[in-house]
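As structure tokens, the structure follows; a few thoughts come after it.
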Amino acid sequence: MAEEKVTTNTTADLSQNGYTQEAGSNPRDLALVRNYGLNPVINFSFMLRVEGIYDLPCKSIKSFHRENEFEYIQEGGLNDYVHLRRKPITKPFTFQVERYVGVDWIDPMPMGTEIILPVILFVNKFRFSNASFKPVRTYAFTGCTVIAKDYGELDAEHSGLLTELTTIAYREMICVDMPSQAGFMDMETWEFDGKSKAGKNTRYYNQSSVNTVWENDTASKTNMEKNARAGGAVQGSGDWAKTPESRLWPSSQSARRITEFLDQ
């Protein structure tokens, strides 16, 4: 049997093909699975959404923890490890929301409230402003109930802001990550710009030489106008085919001229 030849790409070969070698990933991989670690998520820009209508700025989110309970089973004569068997949950999962007092007209999370819609915690990519809501991680809590409230601490010897700590029990939590690699989520989309053929921003289609030649030559404004004047003639090796004047669509349109043209 003939030996199978294995071809490997070196850094020089990749550079010649237009790729750049970066640590921690194969440059031929898809953009979704590249893990360069260049965009860590900040932890101070977040917002809580309650009942789908209340967007609550918070000071901090505490005791953010979820754990499954297991039963340990020791097998006789086995000294290296124990067997794990999942047990039913015996206590609710909880998280605590610390907020400033005096920022709401109505308390959106009063004591004992069973929140109907999922409570959503957005972790933003930038600090919040009017046009910078771009969450890169979202936590959705279902089956939430407000089970405790801590109304803060008052101290006449130290200045500060009064806070309120709300403890919320939940049944399930879903964590959703949204990629934030530069050049993937932040790319500007192409849009129309009046009557301009080029439009605005970059078009992310296959910008090959074939497309470029077609746009700049065959589909150019000059050639399209010549094609229209020629009555749809195709450009060949020579000049554009000449269409008799009698077959050209009348420049000034009227019922009489159109009728005469169709009768020819």
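In the structure tokens, chains take letters A, B, ... by order of appearance, with residues numbered from 1 within each chain and ligands from 1 in the order shown.
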Run DSSP on the backbone and tell me which residues of stretch 57-201 of chain A come out as strand (DSSP E or B); list them as a count of residues only.
62
Fewer than 4 positions away in the same chain doesn't count, so skip those; otherwise give me all residues within 10 Å of A:Gly143, counting only C-alpha atoms, as an mmCIF file with N, CA, C and O atoms, in the first residue's frame.
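Saved the output as around26.cif:
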```cif
data_model
loop_
_atom_site.group_PDB
_atom_site.id
_atom_site.type_symbol
_atom_site.label_atom_id
_atom_site.label_comp_id
_atom_site.auth_asym_id
_atom_site.auth_seq_id
_atom_site.Cartn_x
_atom_site.Cartn_y
_atom_site.Cartn_z
ATOM 1 N N GLU A 114 -44.330 37.192 44.283
ATOM 2 C CA GLU A 114 -43.990 36.125 43.342
ATOM 3 C C GLU A 114 -43.941 36.738 41.950
ATOM 4 O O GLU A 114 -44.969 37.088 41.376
ATOM 5 N N ILE A 115 -42.750 36.877 41.428
ATOM 6 C CA ILE A 115 -42.556 37.551 40.139
ATOM 7 C C ILE A 115 -42.964 36.605 39.023
ATOM 8 O O ILE A 115 -42.496 35.463 38.943
ATOM 9 N N ILE A 116 -43.836 37.080 38.146
ATOM 10 C CA ILE A 116 -44.407 36.221 37.099
ATOM 11 C C ILE A 116 -43.399 35.974 35.976
ATOM 12 O O ILE A 116 -43.087 34.831 35.650
ATOM 13 N N LEU A 117 -42.891 37.048 35.389
ATOM 14 C CA LEU A 117 -41.947 36.901 34.283
ATOM 15 C C LEU A 117 -40.541 36.645 34.804
ATOM 16 O O LEU A 117 -40.228 36.955 35.959
ATOM 17 N N PRO A 118 -39.673 36.075 33.981
ATOM 18 C CA PRO A 118 -38.290 35.849 34.421
ATOM 19 C C PRO A 118 -37.583 37.164 34.766
ATOM 20 O O PRO A 118 -37.772 38.179 34.097
ATOM 21 N N VAL A 119 -36.778 37.112 35.821
ATOM 22 C CA VAL A 119 -35.920 38.244 36.174
ATOM 23 C C VAL A 119 -34.635 38.111 35.365
ATOM 24 O O VAL A 119 -33.970 37.074 35.417
ATOM 25 N N ILE A 168 -33.765 37.099 46.785
ATOM 26 C CA ILE A 168 -34.729 36.513 45.849
ATOM 27 C C ILE A 168 -34.424 35.024 45.695
ATOM 28 O O ILE A 168 -33.267 34.639 45.427
ATOM 29 N N ALA A 169 -35.438 34.194 45.892
ATOM 30 C CA ALA A 169 -35.319 32.754 45.642
ATOM 31 C C ALA A 169 -35.816 32.456 44.231
ATOM 32 O O ALA A 169 -36.788 33.051 43.768
ATOM 33 N N TYR A 170 -35.141 31.537 43.556
ATOM 34 C CA TYR A 170 -35.522 31.195 42.182
ATOM 35 C C TYR A 170 -35.439 29.691 41.978
ATOM 36 O O TYR A 170 -34.793 28.965 42.755
ATOM 37 N N ARG A 171 -36.076 29.226 40.923
ATOM 38 C CA ARG A 171 -36.102 27.791 40.627
ATOM 39 C C ARG A 171 -35.032 27.402 39.621
ATOM 40 O O ARG A 171 -34.284 26.450 39.817
ATOM 41 N N GLU A 172 -34.968 28.119 38.511
ATOM 42 C CA GLU A 172 -34.017 27.797 37.451
ATOM 43 C C GLU A 172 -33.277 29.048 37.022
ATOM 44 O O GLU A 172 -33.812 30.165 37.093
ATOM 45 N N MET A 173 -32.053 28.852 36.559
ATOM 46 C CA MET A 173 -31.251 29.957 36.044
ATOM 47 C C MET A 173 -30.624 29.536 34.724
ATOM 48 O O MET A 173 -30.062 28.444 34.607
#
```
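Of the residues listed (A:Ile89, A:Val146, A:Leu154, A:Leu56), A:Ile89 shows the shortest atom-to-atom separation from A:Phe70; distances use only C-alpha atoms.
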A:Lys125 environment, 6 Å, only C-alpha atoms, sequence neighbours closer than 2 positions dropped, as a PyMOL selection string
chain A and resi 134-136
